[in-house]
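For reference, the structure is listed below as structure tokens.
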Amino acid sequence: MDHCTIIDPLIASSVGLDVRPVQLDVTDASQRATVVADIVREHGRIDGLVNNAGVALGGFLEQVEEDEIRKVFEVNVFGLWALTREVLPHMRLAQSGTIVNISSASGFMAFPGLGVYSASKFALEGMTE
């Protein structure tokens, strides 16, 4: 499955966190809604969200196709925004919660041949700030 993040429960439990892995395509609205609803139904709240889904695309601008650029932004920007938007009402209701957005050095400085990826990470940095 593309565009998913699976949190390793063994690593999480080693630092005292009760984390259960969830496979999720952040570009799929129904999956986002179902996963969040299931978590809230089972646990009564959402304490944290780590937005780690991402795809990269190499190539100079004249070499990449529009659908490739759109895919990068769908995953790296719009998918993360949409999932954040899905959990925020629950965190606001609980008056607690933490959201961590995983970015990249490419969100601060563009590298040759990675303009599209950098643009998506610059956008993520701006949303996060």
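In the structure tokens, the first chain shown is A, the next is B, and so on; residue numbers restart at 1 for each chain, and ligands run from 1 in the order shown.
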- Task: Looking only at alpha helix (DSSP H) from DSSP on the backbone, list the matching residues of chain A as number ranges by chain.
- Result: A: 9-14, 29-43, 66-73, 80-94, 115-128
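Using only C-alpha atoms, the protein and nucleic acid residues lying no more than 12 Å from Val100 of chain A, apart from those fewer than 2 places from it along its own chain, are Asp47, Gly48, Leu49, Val50, Asn51, Asn52, Ala53, Leu80, Trp81, Leu83, Thr84, Gly97, Thr98, Ile102, Ser103, Leu124, Glu125, Met127, Thr128 and Glu129 of chain A.
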- Message: Neighbouring residues of Lys71 of chain A were defined as those with any atom within 12 Å, considering only C-alpha atoms; residues of the same chain fewer than 2 positions away were excluded. Please report them as a list in words.
- Response: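 The contact residues come out as Asp2, His3, Val26, Thr27, Gly54, Val55, Ala56, Leu57, Val64, Glu65, Glu66, Asp67, Glu68, Ile69, Phe73, Glu74, Val75, Asn76, Val77, Phe78, Gly79, Val116, Tyr117 and Ser120 of chain A.
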- Taking the DSSP assignment computed from this structure's backbone, write out as a list in words all residues of chain A that belong to strand (DSSP E). Gly48, Leu49, Val50, Asn51, Thr98, Ile99, Val100 and Asn101 of chain A
Produce a file of the selected residues containing N, CA, C and O atoms, as a PDB file, in the first residue's frame.
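Wrote it out as part34.pdb, contents follow:
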```
ATOM      1  N   GLY A  48      -2.129  11.650  20.174  1.00  0.00           N
ATOM      2  CA  GLY A  48      -1.021  12.075  19.333  1.00  0.00           C
ATOM      3  C   GLY A  48      -1.202  11.661  17.889  1.00  0.00           C
ATOM      4  O   GLY A  48      -1.882  10.686  17.581  1.00  0.00           O
ATOM      5  N   LEU A  49      -0.614  12.444  17.032  1.00  0.00           N
ATOM      6  CA  LEU A  49      -0.585  12.152  15.601  1.00  0.00           C
ATOM      7  C   LEU A  49       0.819  12.448  15.103  1.00  0.00           C
ATOM      8  O   LEU A  49       1.334  13.546  15.314  1.00  0.00           O
ATOM      9  N   VAL A  50       1.427  11.461  14.476  1.00  0.00           N
ATOM     10  CA  VAL A  50       2.721  11.660  13.832  1.00  0.00           C
ATOM     11  C   VAL A  50       2.476  11.554  12.332  1.00  0.00           C
ATOM     12  O   VAL A  50       2.183  10.483  11.816  1.00  0.00           O
ATOM     13  N   ASN A  51       2.566  12.688  11.658  1.00  0.00           N
ATOM     14  CA  ASN A  51       2.404  12.720  10.210  1.00  0.00           C
ATOM     15  C   ASN A  51       3.755  12.413   9.581  1.00  0.00           C
ATOM     16  O   ASN A  51       4.634  13.259   9.500  1.00  0.00           O
ATOM     17  N   THR A  98      -0.903  16.037  20.818  1.00  0.00           N
ATOM     18  CA  THR A  98       0.331  16.488  20.176  1.00  0.00           C
ATOM     19  C   THR A  98       0.327  16.031  18.727  1.00  0.00           C
ATOM     20  O   THR A  98       0.004  14.879  18.438  1.00  0.00           O
ATOM     21  N   ILE A  99       0.707  16.942  17.842  1.00  0.00           N
ATOM     22  CA  ILE A  99       0.846  16.618  16.430  1.00  0.00           C
ATOM     23  C   ILE A  99       2.293  16.882  16.046  1.00  0.00           C
ATOM     24  O   ILE A  99       2.826  17.956  16.308  1.00  0.00           O
ATOM     25  N   VAL A 100       2.912  15.883  15.433  1.00  0.00           N
ATOM     26  CA  VAL A 100       4.293  16.000  14.968  1.00  0.00           C
ATOM     27  C   VAL A 100       4.288  15.776  13.467  1.00  0.00           C
ATOM     28  O   VAL A 100       3.809  14.742  12.993  1.00  0.00           O
ATOM     29  N   ASN A 101       4.788  16.741  12.722  1.00  0.00           N
ATOM     30  CA  ASN A 101       4.915  16.605  11.278  1.00  0.00           C
ATOM     31  C   ASN A 101       6.368  16.314  10.941  1.00  0.00           C
ATOM     32  O   ASN A 101       7.256  17.085  11.295  1.00  0.00           O
TER      33      ASN A 101
END
```
- Find, counting only C-alpha atoms, the residue in A:His90, A:Gly16, A:Gln23, A:Met109 that gets nearest to Arg41 of chain A. A:His90
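When only C-alpha atoms are used to measure the gap to Arg32 of chain A, the shortest distance among A:Leu114, A:Ala82, A:Ala105, A:Ala123 belongs to A:Ala82.
Pairwise distance (atom CA of Arg45 of chain A, atom CA of Met91 of chain A) equals 7.3 Å.
For the pair atom CA of Leu61 of chain A and atom CA of Lys121 of chain A, the interatomic distance is 16.1 Å.
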